[in-house]
Amino acid sequence: MPEKPPKSIKILSSLPLNLLLNGILIIPFIIMIYLAFVKWSPLMGVEWWNAPFNGLVNFQRALSDTRFIEALGRTALFVAIAVPLEFFIGLALAYLLQKPFKGKKYLVSLLIYPLMLPPVVVATVFYLFFQPYGPVNNIFLQYIIGPSALNIYWFLDKTLAFVTIIVADVWQWTPFMFLILYSGLSAVPKRLVEAAEVLGANEWTVFWRIRLPLIKPLILIAVILRSLEAFKIFDYVYVMTGGGPGTTTESISLYIYRLAILYSDISYAAAVSLIVLVLIFIISRLATKYLLEKR
Amino acid sequence: MSSQVVVKLENVTKRFENLVAVNNVSFEVYKGELFTLLGPSGCGKTTTLRIIAGLEYPDEGKVYIDGVDVTEKPARERGVCLVFQEYAVFPHMSVFENIAFGLRVKKLSKTEVERKVKEIAEILDLSNYLNFKGGKLGLSEQQRVAIARCLAVEPKLLLLDEPLTLADAKIKEKMRRELRKLQKDLGVTMIFVTHDQLEALMLSDRIAIMRSGRLIQLGTPEEVYDNPGDLFVATFVGSPTINLLEGVLEIDGNRLLLKTDSHKYAVASDINVKTLQGLVGSEVVIGFRPEDVEVMPEGVLEGVVKLAEIAEDKRILYVKLNDHEVKVFVDLFTSFNEGQKVILKINPLKLHIFDKKTGKKLLKGVIPG
Amino acid sequence: MVVKNILTRVLAWLILLIIVTWTLIPVIWIISLSFKPYAEWRTPSLFPKNPTLDNYIILFSPQSVSIFIAYTAIIEPITGPLIRSIAVSILATVIAVIIGFFTAYGASRYNTPGPFTLFFTLLTRMLPPATFVTPIMIYFTTLRLLDNVLGLILLYSATTLTYAVWILKGFIDAIPVEWEEAALMEGATPFQVLLKVVIPIARPGFVVSGLFIFLMSWTELLFALVLTSVNVTLPVQISKYVTAVGALWGVQAAIALLGSLIPLVIGYLIQKHLITGFTFGLVRG
């Protein structure tokens, strides 16, 4: 192709992109920075562009805001529990489905449907599931601990509520891990597997010493991407627990949402958003740099 | 070479959908020999090899290794190792770890593993490569690593699937000799698969020629070359290809004649025609190799020189005999011109007569006198 | 040795069975619940004894149910949010795919826009959307794009653009440059090359990225919550049925099911490419 792009292509490939991104995302970003340094809320009666300057007050407030710090920590904890769970279950599933068998394609098709559902639907489903008279209590636990199971209020206990969120996320996103690992494992050249077999290796050895090491970059991509997504968790918390009981399951996304919508604490919300943005940006930059290099 | 049987195939048949890849094949391989499966692409030789290795299972028949029926056993239980055509060196492991792989599977101690790996690496001249990553090796090194990997586990049998096909023409010669030397030095029983008949003739103790899934002929290189049991074998083995004359066999006095639509050739004279009596009138193909025919001052077979080619230590004459063209080896000292008339004499002992329809050998050699 | 073999196989199948059951139970339960009459909502039975369509009817005409009059949040029949979701998703997809295609083509063949801009597009997906809620709400209020299908369309196109760019770039990269160069040498204008050579061959890329973006737009909750109050999309409506009203189980199940139908159909259409979508084309499904 010619070194320099023809003018029409040059314009077409950058202008619409820039218009859209700048118009819809960059300008708000600038507004956010502005808002973070002023003091403003719609209840103040002035237009937001006339808001009084506030310096670093919002940021200082954030640093001593326990609810904010806890939300951050809680979200990180959630990621640290859910993602490894999804990884190991996905891996086990990919391992079990290595050998061909009749109807395997249909089984795989079946196993991945949770990925396609709207998270809000999954949230609704598990909300119903964990009701006192819902199937988890009613059917499941009755067999294990009898009728007292009906008195378990999942959403009223901070640990149990946290568990429900993890269950919802793991249920929906394990197939993601499974699919990536499964297609990666299937793509390992057959010759290498056969070479290991004629050297005496059994299925287990082949899995751990040949297949798995060869898909390491894939695993990394899967884990990093999933972790970034899991950190954003909102739908399940909003619908199932509402952040409760109290604020004990409030994710960072939910907290910011509430600051902006519920408390109308706009400038503080902007400051908090900015802090989280910077944090994630640093982590993302490191992650994508690594991923793009590998590619 | 001993007569102890290491591998025995009994009526092995393997089908893939509509295709019969291996059709009722039986043979034995002896300890310490280099046994070759030779044939054109698609003849079933690789499938047969894989069945011996345990990577495929036959639909019918049995496989015995060291007297034990291993037909149902998976590859890892057979004590057999296969070197793949593409070598399949593990790219994510170092050469050391590649060679050590089979040993680690056997759960040998760390010191044992190290000792054995170094020993094998020494034999295959890989000692300087031990730290190289598998994915970064050249073809020649890859081949040696693949072989070293197998030798390390001391298999009863070493199988090689066209190991030299990927190699450069220049290096092939060298690799072939090294491979044979290695095999003889270590006394490893080897089954070799190739489509290169020259290679097979050079390296093997015995050759099994396969075609369309069937075993056509089994014998030493000499047997296969001098006494092809079949038209296919006669044409496949030997370079340049054997000369063939097609026609109806006739006898006239003490002459063997071949009648075609346009001509009657006197193929040989002064021979004992008793053995030919039963073949008179049949459609045959007579074959003779370029080195078994000479240019003579007098004789019964006449032809015209079309081309004279120089090849290493001899000349190849392309001689036109009416409706056939044959190749004749002559020495470098005599020169021939295009269009020159020559008289050929075929060594009657080296005349192979095949049935035209079935391709089967009818007679080998005709007695002079 | 043989016993160990059988035991491991049984264990493997058992684990598989557990995972399959655990995957299927929720959907089976929800389908069944959506057909259960009010009296059976709390029963442990897997299938309704007296199946009914009541729950679905309520979704389409909630005004007819007396208890609902008090719940102004969900007084609207489901057809409204449904249509709005469809409109928003389709239009956002069209915009994102078109802009994404041109960007991807420039990036693939000419390196315009540069790698920094490309990285930036990835960023739009990696940063938590919640962090943008505050300024976008203010911004859209000022632009009068609140409670407005147009606002959502613009927002979704901007946020899903990156999927279109990366997925399409992957498909375009796979087309040999020589084909375009040949066309150029035969006198075609660059635009004609796009039209006649690139677009037809990259068609699967359009299908995959288009359907995937549709899926993402359809399922989005957070911004829809923030930017709409009356003219809501389906995910918002679903969430309202749960958060505004506590205990309408059967109805909640019904709306959950309805909201899943289109995503499931799309999901199965592109199931081979789901992973390509989710990983921005880094992993080829």
# chains A, B, ... in the order shown; residues from 1 in each chain; ligands from 1
>>> interface_residues(of="chain C", to="chain A", cutoff="6 Å", atoms="only C-alpha atoms", output="VMD selection string")
chain C and resid 42 44 102 to 103 106 110 113 128 130 to 131 134 to 136 158 219 256 260 263 to 264 267
>>> write_last_selection(atoms="all heavy atoms", output="short mmCIF file (atom, residue, chain, number, x, y, z; two decimals), in the first residue's frame")
data_model
loop_
_atom_site.label_atom_id
_atom_site.label_comp_id
_atom_site.auth_asym_id
_atom_site.auth_seq_id
_atom_site.Cartn_x
_atom_site.Cartn_y
_atom_site.Cartn_z
N ARG C 42 -43.93 -19.50 45.96
CA ARG C 42 -42.99 -19.87 46.98
C ARG C 42 -42.82 -21.37 47.16
O ARG C 42 -42.14 -21.82 48.05
CB ARG C 42 -43.38 -19.25 48.31
CG ARG C 42 -42.97 -17.79 48.36
CD ARG C 42 -43.55 -17.09 49.56
NE ARG C 42 -43.19 -15.69 49.56
CZ ARG C 42 -43.59 -14.81 48.66
NH1 ARG C 42 -44.36 -15.19 47.68
NH2 ARG C 42 -43.20 -13.54 48.73
N PRO C 44 -41.59 -25.21 46.49
CA PRO C 44 -40.33 -25.77 46.03
C PRO C 44 -40.44 -26.63 44.77
O PRO C 44 -39.46 -27.14 44.30
CB PRO C 44 -39.87 -26.63 47.20
CG PRO C 44 -41.12 -27.00 47.89
CD PRO C 44 -42.09 -25.87 47.70
N PHE C 102 -14.21 2.28 9.34
CA PHE C 102 -13.26 3.21 8.72
C PHE C 102 -12.01 3.37 9.57
O PHE C 102 -10.89 3.44 9.07
CB PHE C 102 -13.93 4.56 8.46
CG PHE C 102 -14.90 4.51 7.32
CD1 PHE C 102 -16.26 4.73 7.55
CD2 PHE C 102 -14.48 4.23 6.04
CE1 PHE C 102 -17.17 4.68 6.51
CE2 PHE C 102 -15.38 4.17 4.99
CZ PHE C 102 -16.73 4.39 5.22
N THR C 103 -12.23 3.45 10.86
CA THR C 103 -11.07 3.56 11.74
C THR C 103 -10.20 2.32 11.63
O THR C 103 -8.97 2.40 11.51
CB THR C 103 -11.52 3.73 13.20
OG1 THR C 103 -12.51 4.75 13.26
CG2 THR C 103 -10.36 4.06 14.09
N GLY C 106 -8.23 2.29 8.33
CA GLY C 106 -7.09 3.20 8.38
C GLY C 106 -5.99 2.65 9.26
O GLY C 106 -4.81 2.68 8.91
N TYR C 110 -2.90 1.94 7.01
CA TYR C 110 -2.07 3.14 6.97
C TYR C 110 -1.59 3.62 8.31
O TYR C 110 -0.95 4.64 8.41
CB TYR C 110 -2.87 4.30 6.31
CG TYR C 110 -3.23 4.04 4.88
CD1 TYR C 110 -4.55 3.75 4.54
CD2 TYR C 110 -2.28 4.07 3.88
CE1 TYR C 110 -4.89 3.51 3.22
CE2 TYR C 110 -2.61 3.84 2.57
CZ TYR C 110 -3.92 3.57 2.24
OH TYR C 110 -4.27 3.33 0.95
N PRO C 113 -5.75 6.06 12.64
CA PRO C 113 -5.02 6.85 13.61
C PRO C 113 -3.87 6.06 14.24
O PRO C 113 -3.81 4.86 14.08
CB PRO C 113 -6.11 7.15 14.65
CG PRO C 113 -7.06 6.04 14.54
CD PRO C 113 -7.02 5.55 13.14
N PRO C 128 -13.77 1.86 34.49
CA PRO C 128 -15.12 1.59 34.98
C PRO C 128 -16.10 2.66 34.50
O PRO C 128 -15.84 3.85 34.68
CB PRO C 128 -14.98 1.66 36.50
CG PRO C 128 -13.53 1.53 36.77
CD PRO C 128 -12.82 2.06 35.58
N ALA C 130 -18.72 3.60 35.74
CA ALA C 130 -19.25 4.38 36.85
C ALA C 130 -18.49 5.67 37.04
O ALA C 130 -19.04 6.68 37.46
CB ALA C 130 -19.22 3.56 38.13
N THR C 131 -17.18 5.65 36.69
CA THR C 131 -16.40 6.85 36.90
C THR C 131 -16.81 7.96 35.94
O THR C 131 -16.49 9.12 36.16
CB THR C 131 -14.90 6.57 36.72
OG1 THR C 131 -14.71 5.92 35.45
CG2 THR C 131 -14.38 5.68 37.81
N THR C 134 -20.87 10.65 36.56
CA THR C 134 -21.06 12.02 37.07
C THR C 134 -20.99 13.06 35.95
O THR C 134 -21.97 13.78 35.72
CB THR C 134 -20.02 12.33 38.16
OG1 THR C 134 -19.83 11.18 38.96
CG2 THR C 134 -20.48 13.49 39.00
N PRO C 135 -19.86 13.15 35.25
CA PRO C 135 -19.79 14.22 34.25
C PRO C 135 -20.76 14.02 33.09
O PRO C 135 -21.31 14.99 32.58
CB PRO C 135 -18.34 14.13 33.76
CG PRO C 135 -17.89 12.77 34.08
CD PRO C 135 -18.62 12.36 35.30
N ILE C 136 -20.99 12.79 32.70
CA ILE C 136 -21.89 12.56 31.57
C ILE C 136 -23.30 12.99 31.92
O ILE C 136 -24.03 13.56 31.11
CB ILE C 136 -21.83 11.10 31.12
CG1 ILE C 136 -20.51 10.87 30.36
CG2 ILE C 136 -23.01 10.74 30.24
CD1 ILE C 136 -20.41 9.58 29.65
N ALA C 158 -20.32 5.48 21.36
CA ALA C 158 -18.98 5.87 21.80
C ALA C 158 -18.32 4.79 22.63
O ALA C 158 -17.13 4.50 22.49
CB ALA C 158 -19.05 7.18 22.58
N THR C 219 -27.69 -5.05 26.79
CA THR C 219 -27.61 -5.47 28.18
C THR C 219 -27.13 -4.38 29.14
O THR C 219 -27.00 -4.63 30.33
CB THR C 219 -26.64 -6.67 28.31
OG1 THR C 219 -25.35 -6.25 27.86
CG2 THR C 219 -27.10 -7.83 27.48
N ALA C 256 -37.55 -11.28 33.33
CA ALA C 256 -36.17 -11.73 33.15
C ALA C 256 -36.07 -12.59 31.90
O ALA C 256 -35.15 -12.46 31.09
CB ALA C 256 -35.71 -12.51 34.38
N SER C 260 -34.19 -11.95 28.06
CA SER C 260 -33.08 -12.81 27.65
C SER C 260 -33.24 -13.36 26.26
O SER C 260 -32.28 -13.87 25.69
CB SER C 260 -32.96 -14.00 28.60
OG SER C 260 -33.13 -13.60 29.92
N PRO C 263 -31.00 -11.58 23.43
CA PRO C 263 -29.57 -11.84 23.64
C PRO C 263 -29.19 -13.29 23.41
O PRO C 263 -28.14 -13.58 22.85
CB PRO C 263 -29.35 -11.47 25.11
CG PRO C 263 -30.43 -10.55 25.45
CD PRO C 263 -31.60 -10.91 24.60
N LEU C 264 -30.06 -14.22 23.83
CA LEU C 264 -29.72 -15.62 23.63
C LEU C 264 -29.66 -15.96 22.15
O LEU C 264 -28.76 -16.65 21.70
CB LEU C 264 -30.75 -16.52 24.33
CG LEU C 264 -30.48 -16.73 25.82
CD1 LEU C 264 -31.60 -17.53 26.45
CD2 LEU C 264 -29.15 -17.44 26.02
N GLY C 267 -26.57 -14.41 20.84
CA GLY C 267 -25.42 -15.12 21.39
C GLY C 267 -25.16 -16.42 20.66
O GLY C 267 -24.03 -16.74 20.32
#
>>> residues_around(residues="stretch 147-161 of chain B", least_positions_apart="3", cutoff="6 Å", atoms="only C-alpha atoms", output="PDB file with N, CA and C atoms, in the first residue's frame")
ATOM      1  N   GLY B  79       6.227 -49.250  25.178  1.00  0.00           N
ATOM      2  CA  GLY B  79       7.687 -49.266  25.192  1.00  0.00           C
ATOM      3  C   GLY B  79       8.263 -49.018  23.818  1.00  0.00           C
ATOM      4  N   VAL B  80       7.537 -48.222  23.041  1.00  0.00           N
ATOM      5  CA  VAL B  80       7.938 -47.947  21.666  1.00  0.00           C
ATOM      6  C   VAL B  80       7.971 -46.441  21.509  1.00  0.00           C
ATOM      7  N   CYS B  81       8.892 -45.932  20.673  1.00  0.00           N
ATOM      8  CA  CYS B  81       8.931 -44.486  20.513  1.00  0.00           C
ATOM      9  C   CYS B  81       8.915 -44.100  19.047  1.00  0.00           C
ATOM     10  N   LEU B  82       8.293 -42.972  18.738  1.00  0.00           N
ATOM     11  CA  LEU B  82       8.150 -42.545  17.347  1.00  0.00           C
ATOM     12  C   LEU B  82       8.763 -41.178  17.127  1.00  0.00           C
ATOM     13  N   VAL B  83       9.575 -41.079  16.071  1.00  0.00           N
ATOM     14  CA  VAL B  83      10.112 -39.774  15.677  1.00  0.00           C
ATOM     15  C   VAL B  83       9.274 -39.278  14.517  1.00  0.00           C
ATOM     16  N   PHE B  84       8.599 -38.132  14.713  1.00  0.00           N
ATOM     17  CA  PHE B  84       7.654 -37.645  13.720  1.00  0.00           C
ATOM     18  C   PHE B  84       8.342 -36.947  12.550  1.00  0.00           C
ATOM     19  N   GLN B  85       7.646 -36.885  11.452  1.00  0.00           N
ATOM     20  CA  GLN B  85       8.189 -36.232  10.258  1.00  0.00           C
ATOM     21  C   GLN B  85       8.525 -34.775  10.537  1.00  0.00           C
ATOM     22  N   ILE B  99      14.766 -33.859  26.067  1.00  0.00           N
ATOM     23  CA  ILE B  99      15.349 -35.204  26.169  1.00  0.00           C
ATOM     24  C   ILE B  99      14.970 -35.828  27.498  1.00  0.00           C
ATOM     25  N   GLY B 102      10.825 -37.975  28.762  1.00  0.00           N
ATOM     26  CA  GLY B 102      10.433 -39.372  28.979  1.00  0.00           C
ATOM     27  C   GLY B 102      10.993 -39.928  30.270  1.00  0.00           C
ATOM     28  N   ARG B 144      17.810 -34.298  15.604  1.00  0.00           N
ATOM     29  CA  ARG B 144      18.633 -34.996  16.588  1.00  0.00           C
ATOM     30  C   ARG B 144      17.968 -34.978  17.960  1.00  0.00           C
ATOM     31  N   THR B 189      16.555 -51.528  17.242  1.00  0.00           N
ATOM     32  CA  THR B 189      15.655 -52.024  16.211  1.00  0.00           C
ATOM     33  C   THR B 189      14.866 -50.831  15.688  1.00  0.00           C
ATOM     34  N   MET B 190      14.951 -50.615  14.373  1.00  0.00           N
ATOM     35  CA  MET B 190      14.345 -49.411  13.823  1.00  0.00           C
ATOM     36  C   MET B 190      13.366 -49.747  12.719  1.00  0.00           C
ATOM     37  N   ILE B 191      12.204 -49.119  12.742  1.00  0.00           N
ATOM     38  CA  ILE B 191      11.297 -49.209  11.594  1.00  0.00           C
ATOM     39  C   ILE B 191      11.203 -47.818  10.983  1.00  0.00           C
ATOM     40  N   PHE B 192      11.491 -47.771   9.720  1.00  0.00           N
ATOM     41  CA  PHE B 192      11.694 -46.528   8.996  1.00  0.00           C
ATOM     42  C   PHE B 192      10.600 -46.432   7.951  1.00  0.00           C
ATOM     43  N   VAL B 193       9.993 -45.264   7.807  1.00  0.00           N
ATOM     44  CA  VAL B 193       9.000 -45.104   6.743  1.00  0.00           C
ATOM     45  C   VAL B 193       9.516 -44.085   5.749  1.00  0.00           C
TER      46      VAL B 193
END
>>> select_by_dssp(residues="stretch 5-97 of chain B", states="strand (DSSP E)", output="PyMOL selection string")
chain B and resi 5-16+19-30+34-38+60-65+68-69+80-83
>>> residues_around(residues="stretch 224-240 of chain C", least_positions_apart="4", cutoff="6 Å", atoms="only C-alpha atoms", output="list in words")
Pro81, Leu82, Arg84, Ser85, Leu146, Asp147 and Ala244 of chain C
>>> interface_residues(of="chain A", to="chain B", cutoff="10 Å", atoms="only C-alpha atoms", output="list in words")
Pro189, Lys190, Arg191, Leu192, Val193, Glu194, Ala195, Ala196, Glu197, Val198, Leu199, Gly200, Ala201, Asn202, Thr205, Arg209, Ile210, Pro213 and Leu214 of chain A
>>> write_last_selection(atoms="all heavy atoms", output="short mmCIF file (atom, residue, chain, number, x, y, z; two decimals), in the first residue's frame")
data_model
loop_
_atom_site.label_atom_id
_atom_site.label_comp_id
_atom_site.auth_asym_id
_atom_site.auth_seq_id
_atom_site.Cartn_x
_atom_site.Cartn_y
_atom_site.Cartn_z
N PRO A 189 -0.99 -28.17 18.97
CA PRO A 189 -0.77 -29.08 17.85
C PRO A 189 -0.82 -30.54 18.28
O PRO A 189 -0.20 -30.94 19.26
CB PRO A 189 0.64 -28.73 17.36
CG PRO A 189 0.92 -27.39 17.89
CD PRO A 189 0.13 -27.22 19.13
N LYS A 190 -1.55 -31.33 17.51
CA LYS A 190 -1.77 -32.73 17.87
C LYS A 190 -0.45 -33.48 17.96
O LYS A 190 -0.27 -34.35 18.80
CB LYS A 190 -2.67 -33.36 16.79
CG LYS A 190 -3.17 -34.72 17.13
CD LYS A 190 -4.21 -35.15 16.09
CE LYS A 190 -4.39 -36.67 16.18
NZ LYS A 190 -4.61 -37.32 14.91
N ARG A 191 0.48 -33.11 17.06
CA ARG A 191 1.77 -33.79 17.03
C ARG A 191 2.49 -33.74 18.36
O ARG A 191 3.13 -34.69 18.79
CB ARG A 191 2.69 -33.16 15.98
CG ARG A 191 2.40 -33.60 14.60
CD ARG A 191 2.83 -35.01 14.36
NE ARG A 191 2.41 -35.45 13.04
CZ ARG A 191 1.28 -36.06 12.79
NH1 ARG A 191 0.45 -36.33 13.78
NH2 ARG A 191 0.96 -36.42 11.57
N LEU A 192 2.43 -32.56 19.00
CA LEU A 192 3.15 -32.42 20.27
C LEU A 192 2.54 -33.34 21.32
O LEU A 192 3.26 -33.93 22.14
CB LEU A 192 3.10 -30.96 20.74
CG LEU A 192 3.85 -29.96 19.87
CD1 LEU A 192 3.71 -28.56 20.43
CD2 LEU A 192 5.31 -30.33 19.79
N VAL A 193 1.22 -33.44 21.30
CA VAL A 193 0.57 -34.33 22.25
C VAL A 193 0.96 -35.78 21.98
O VAL A 193 1.29 -36.53 22.90
CB VAL A 193 -0.97 -34.17 22.17
CG1 VAL A 193 -1.66 -35.21 23.02
CG2 VAL A 193 -1.37 -32.79 22.62
N GLU A 194 0.97 -36.14 20.69
CA GLU A 194 1.35 -37.52 20.35
C GLU A 194 2.80 -37.79 20.71
O GLU A 194 3.14 -38.88 21.18
CB GLU A 194 1.12 -37.77 18.86
CG GLU A 194 -0.34 -37.88 18.50
CD GLU A 194 -0.56 -38.19 17.04
OE1 GLU A 194 0.37 -37.98 16.24
OE2 GLU A 194 -1.66 -38.64 16.70
N ALA A 195 3.65 -36.79 20.48
CA ALA A 195 5.07 -36.97 20.83
C ALA A 195 5.20 -37.27 22.31
O ALA A 195 6.00 -38.12 22.71
CB ALA A 195 5.86 -35.73 20.45
N ALA A 196 4.42 -36.58 23.12
CA ALA A 196 4.48 -36.82 24.56
C ALA A 196 3.94 -38.21 24.89
O ALA A 196 4.47 -38.91 25.76
CB ALA A 196 3.68 -35.75 25.30
N GLU A 197 2.89 -38.62 24.17
CA GLU A 197 2.30 -39.92 24.45
C GLU A 197 3.28 -41.05 24.17
O GLU A 197 3.38 -42.00 24.95
CB GLU A 197 1.04 -40.12 23.60
CG GLU A 197 -0.17 -39.43 24.17
CD GLU A 197 -1.37 -39.55 23.25
OE1 GLU A 197 -1.33 -40.38 22.32
OE2 GLU A 197 -2.33 -38.79 23.47
N VAL A 198 4.00 -40.96 23.03
CA VAL A 198 4.93 -42.05 22.74
C VAL A 198 6.13 -42.04 23.67
O VAL A 198 6.92 -42.98 23.70
CB VAL A 198 5.43 -42.03 21.27
CG1 VAL A 198 4.32 -42.34 20.33
CG2 VAL A 198 6.10 -40.74 20.94
N LEU A 199 6.27 -40.97 24.43
CA LEU A 199 7.34 -40.95 25.42
C LEU A 199 6.85 -41.44 26.77
O LEU A 199 7.57 -41.38 27.76
CB LEU A 199 7.91 -39.53 25.55
CG LEU A 199 8.75 -39.07 24.37
CD1 LEU A 199 9.03 -37.60 24.46
CD2 LEU A 199 10.07 -39.84 24.33
N GLY A 200 5.60 -41.86 26.81
CA GLY A 200 5.10 -42.46 28.03
C GLY A 200 4.16 -41.60 28.86
O GLY A 200 3.70 -42.02 29.91
N ALA A 201 3.83 -40.39 28.38
CA ALA A 201 3.01 -39.51 29.21
C ALA A 201 1.54 -39.89 29.16
O ALA A 201 1.02 -40.26 28.12
CB ALA A 201 3.18 -38.06 28.72
N ASN A 202 0.86 -39.78 30.31
CA ASN A 202 -0.59 -40.01 30.32
C ASN A 202 -1.32 -38.67 30.19
O ASN A 202 -0.69 -37.62 30.14
CB ASN A 202 -1.02 -40.75 31.58
CG ASN A 202 -0.65 -39.99 32.84
OD1 ASN A 202 -0.35 -38.81 32.81
ND2 ASN A 202 -0.69 -40.68 33.96
N THR A 205 -0.31 -35.84 32.63
CA THR A 205 1.00 -35.26 32.36
C THR A 205 0.95 -34.38 31.12
O THR A 205 1.49 -33.28 31.11
CB THR A 205 2.05 -36.37 32.14
OG1 THR A 205 1.92 -37.34 33.15
CG2 THR A 205 3.45 -35.80 32.13
N ARG A 209 2.10 -30.60 31.45
CA ARG A 209 3.44 -30.28 30.99
C ARG A 209 3.51 -29.87 29.52
O ARG A 209 4.50 -29.31 29.08
CB ARG A 209 4.36 -31.47 31.25
CG ARG A 209 4.31 -31.88 32.71
CD ARG A 209 5.59 -32.50 33.23
NE ARG A 209 6.76 -31.81 32.78
CZ ARG A 209 7.88 -32.41 32.43
NH1 ARG A 209 7.94 -33.73 32.46
NH2 ARG A 209 8.91 -31.72 32.03
N ILE A 210 2.46 -30.14 28.77
CA ILE A 210 2.46 -29.74 27.37
C ILE A 210 1.39 -28.68 27.08
O ILE A 210 1.70 -27.57 26.66
CB ILE A 210 2.22 -30.95 26.45
CG1 ILE A 210 3.17 -32.08 26.76
CG2 ILE A 210 2.33 -30.52 24.99
CD1 ILE A 210 4.60 -31.81 26.38
N PRO A 213 1.32 -25.19 29.63
CA PRO A 213 2.40 -24.22 29.42
C PRO A 213 2.29 -23.51 28.06
O PRO A 213 2.64 -22.36 27.94
CB PRO A 213 3.66 -25.08 29.47
CG PRO A 213 3.29 -26.32 30.18
CD PRO A 213 1.85 -26.53 29.91
N LEU A 214 1.76 -24.23 27.07
CA LEU A 214 1.70 -23.62 25.74
C LEU A 214 0.61 -22.56 25.62
O LEU A 214 0.61 -21.78 24.68
CB LEU A 214 1.50 -24.69 24.66
CG LEU A 214 2.77 -25.49 24.33
CD1 LEU A 214 2.46 -26.62 23.38
CD2 LEU A 214 3.81 -24.58 23.72
#
>>> atom_distance(atom1="atom CA of A:Ile224", atom2="atom CA of C:Met126")
10.4 Å
